[in-house]
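Undergrad: Have a look at this one.
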Amino acid sequence: MGARAERILTEDGRATGVEATVTRADGSSTQLTVNAPSVVVACGAIESPALLLRSGIGGPAAGKHLRLHPAAVVLGTYEQPVEGWIGQIQSALSDQFKFCEGDFGFLIEGVGMTPAIQAAALPWVDGRQHKELIARVFRFAAPFISVARDHGEGRVLVDDYGRAVTEWSFSDDLDSKLFIRAHVELAKLHRAAGAKEILTTFQQPTAWRDGEDWDAFIASIEAGSLAANDCSAFSAHQMGSCRMGSDPSQSVADGRGELHDTKGVWIGDGSAFPTAPGVNPMISIMSLAHRTAGNMLA
């Protein structure tokens with residue numbers, strides 16, 4: 001507890017252990033070295049490549065090929081209270097649009113209301129406007145989200161202090177097209193369900209109320225900017241930044257999960273995914289970790 005893995009120790013191309021910093025409750029710290037011939041890297045697809053990069057291992061693909069399943073959120077408000085922070089965190093799912101652009105597309109999911117996240121994502125004009133908006137709509141709001149299979153990719157770097165830095169944007173044309181299309185379909189779904197007001201997370205306020213011009217609202221979504229800070233995009237599925245593959249120039253680990261360039265170091269989380277699966281990856285991550293553990297024992 002309180003131990004942060006700083007780097008993986010190696011000798012002659014093999015793992016020999018891990019060097020960590022232990023921080024106590026009073027803020028003091030001490031160095032810890034664990035000697036081990038096998039090391040499993042399972043810090044998540046942001047911190048796993050950062051650990052490899054700090055350690056100088058993993059090869060040229062370490063941190064590259066990051067996938068995020070970029071998610072759009074559209075809120076609908078209804079006549080009856082929803083109080084979406086009570087009950088299931090996730091319920092219904094539709095795959096109608098999973099292949100709306102060839103092999104790429106997005107899922108639609110019904111999720112619980114998370115007031116802190118929604119408050120941070122909605123457009124900000126000033127303090128009064130923001131408080132009044134939240135007080136008026138949150139009790140009656142239901143969020144629908146999209147989960148897209150990435151076409152483009154990002155990367156993870158480390159800064160001068162060894163901390164993970166994530167780079168990702170809507171520079172890929174297909175990703176941006178799918179993200180806008182998802183907003184449109186989510187809005188249509190809310191209207192069909194009887195929403196009296198629909199809110200998006202574009203920072204240039206883009207919303208609709210019952211009785212207003214629907215076509216103009218859809219046009220404003222389609223014209224929305226996806227430049228940095230102009231629209232909130234979400235991710236709960238970071239993957240691929242230490243991916244498996246046969247080519248050491250394009251992948252970090254081999255098909256068994258062991259690093260190409262360092263024996264005894266294994267990738268045990270979603271960063272080992274070769275690409276984005278386009279579905280919620282929890283079971284796949286667990287299955288892959290089970291498979292990798294079997295390969296270690298073998």
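Here's how to read the names in the structure tokens: chain A, B, ... by the order shown, residue numbers from 1 in each chain, ligand numbers from 1 in the order shown.
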Within 12 Å of stretch 154-167 of chain A, counting only C-alpha atoms, which residues qualify if same-chain residues fewer than 2 places away don't, as an MDAnalysis selection string?
TA: chainID A and resid 4:7 43:56 60:70 150:152 169:172 175 228 238:243 271 275:276
Undergrad: Contacts of A:Trp85 at 12 Å or less, counting only C-alpha atoms, minus same-chain residues fewer than 6 places along, as a PDB file with N, CA and C atoms, in the first residue's frame?
TA:
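Final file, out_27.pdb:
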ATOM      1  N   VAL A 111     -26.964   4.649 -19.241  1.00  0.00           N
ATOM      2  CA  VAL A 111     -26.081   4.615 -18.067  1.00  0.00           C
ATOM      3  C   VAL A 111     -26.684   5.436 -16.936  1.00  0.00           C
ATOM      4  N   GLY A 112     -26.118   5.271 -15.749  1.00  0.00           N
ATOM      5  CA  GLY A 112     -26.560   6.025 -14.590  1.00  0.00           C
ATOM      6  C   GLY A 112     -26.103   7.476 -14.652  1.00  0.00           C
ATOM      7  N   MET A 113     -26.743   8.286 -13.862  1.00  0.00           N
ATOM      8  CA  MET A 113     -26.402   9.710 -13.768  1.00  0.00           C
ATOM      9  C   MET A 113     -25.257   9.886 -12.776  1.00  0.00           C
ATOM     10  N   THR A 114     -24.211  10.550 -13.204  1.00  0.00           N
ATOM     11  CA  THR A 114     -23.067  10.841 -12.328  1.00  0.00           C
ATOM     12  C   THR A 114     -22.943  12.363 -12.219  1.00  0.00           C
ATOM     13  N   PRO A 115     -23.558  12.963 -11.218  1.00  0.00           N
ATOM     14  CA  PRO A 115     -23.672  14.431 -11.182  1.00  0.00           C
ATOM     15  C   PRO A 115     -22.354  15.174 -11.321  1.00  0.00           C
ATOM     16  N   ALA A 116     -21.288  14.694 -10.694  1.00  0.00           N
ATOM     17  CA  ALA A 116     -20.021  15.429 -10.750  1.00  0.00           C
ATOM     18  C   ALA A 116     -19.464  15.429 -12.174  1.00  0.00           C
ATOM     19  N   ILE A 117     -19.551  14.276 -12.846  1.00  0.00           N
ATOM     20  CA  ILE A 117     -19.027  14.191 -14.210  1.00  0.00           C
ATOM     21  C   ILE A 117     -19.869  15.031 -15.159  1.00  0.00           C
ATOM     22  N   GLN A 118     -21.192  14.921 -15.045  1.00  0.00           N
ATOM     23  CA  GLN A 118     -22.060  15.699 -15.930  1.00  0.00           C
ATOM     24  C   GLN A 118     -21.900  17.195 -15.691  1.00  0.00           C
ATOM     25  N   PHE A 138     -31.025  18.174 -13.312  1.00  0.00           N
ATOM     26  CA  PHE A 138     -30.360  16.928 -12.957  1.00  0.00           C
ATOM     27  C   PHE A 138     -31.313  15.876 -12.402  1.00  0.00           C
ATOM     28  N   ARG A 139     -32.310  16.267 -11.630  1.00  0.00           N
ATOM     29  CA  ARG A 139     -33.235  15.295 -11.054  1.00  0.00           C
ATOM     30  C   ARG A 139     -34.068  14.608 -12.135  1.00  0.00           C
ATOM     31  N   PHE A 140     -34.241  15.273 -13.266  1.00  0.00           N
ATOM     32  CA  PHE A 140     -35.102  14.766 -14.334  1.00  0.00           C
ATOM     33  C   PHE A 140     -34.316  14.247 -15.538  1.00  0.00           C
ATOM     34  N   ALA A 141     -33.004  14.201 -15.430  1.00  0.00           N
ATOM     35  CA  ALA A 141     -32.145  13.909 -16.582  1.00  0.00           C
ATOM     36  C   ALA A 141     -31.754  12.440 -16.655  1.00  0.00           C
ATOM     37  N   ALA A 142     -31.671  11.945 -17.888  1.00  0.00           N
ATOM     38  CA  ALA A 142     -31.167  10.596 -18.172  1.00  0.00           C
ATOM     39  C   ALA A 142     -30.070  10.714 -19.215  1.00  0.00           C
ATOM     40  N   PRO A 143     -28.891  10.185 -18.956  1.00  0.00           N
ATOM     41  CA  PRO A 143     -27.812  10.225 -19.955  1.00  0.00           C
ATOM     42  C   PRO A 143     -27.816   8.983 -20.849  1.00  0.00           C
TER      43      PRO A 143
END
Undergrad: Of the candidates A:Glu101, A:Glu258, A:Glu79, A:Asp26, which shows the shortest atom-to-atom distance to A:Gly194, using only C-alpha atoms?
TA: A:Glu79
Undergrad: For A:Thr10, which residue out of A:Ala216, A:Val125, A:Ala92, A:Val265 is the nearest one, using only C-alpha atoms?
TA: A:Val265
Undergrad: Going by DSSP on the backbone, which residues of stretch 165-208 of chain A come out as helix (DSSP H, G or I)? List them as a PyMOL selection string.
TA: chain A and resi 173-192
Undergrad: Go ahead and write the selection's residues with C-alpha atoms as a CSV table (one decimal), in the first residue's frame.
TA:
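Below is the file that was written, out_26.csv:
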chain,number,residue,atom,x,y,z
A,173,ASP,CA,-11.8,11.9,-39.9
A,174,LEU,CA,-13.7,8.7,-39.3
A,175,ASP,CA,-13.5,9.0,-35.6
A,176,SER,CA,-14.8,12.6,-35.8
A,177,LYS,CA,-17.6,11.6,-38.2
A,178,LEU,CA,-18.7,8.8,-35.9
A,179,PHE,CA,-18.7,11.1,-32.8
A,180,ILE,CA,-20.9,13.6,-34.5
A,181,ARG,CA,-23.2,10.9,-35.9
A,182,ALA,CA,-23.5,9.4,-32.3
A,183,HIS,CA,-24.6,12.8,-31.0
A,184,VAL,CA,-27.4,12.9,-33.6
A,185,GLU,CA,-28.6,9.4,-32.9
A,186,LEU,CA,-28.6,9.9,-29.2
A,187,ALA,CA,-30.6,13.1,-29.5
A,188,LYS,CA,-33.1,11.3,-31.8
A,189,LEU,CA,-33.4,8.5,-29.2
A,190,HIS,CA,-34.2,11.0,-26.4
A,191,ARG,CA,-36.8,12.7,-28.5
A,192,ALA,CA,-38.5,9.4,-29.4
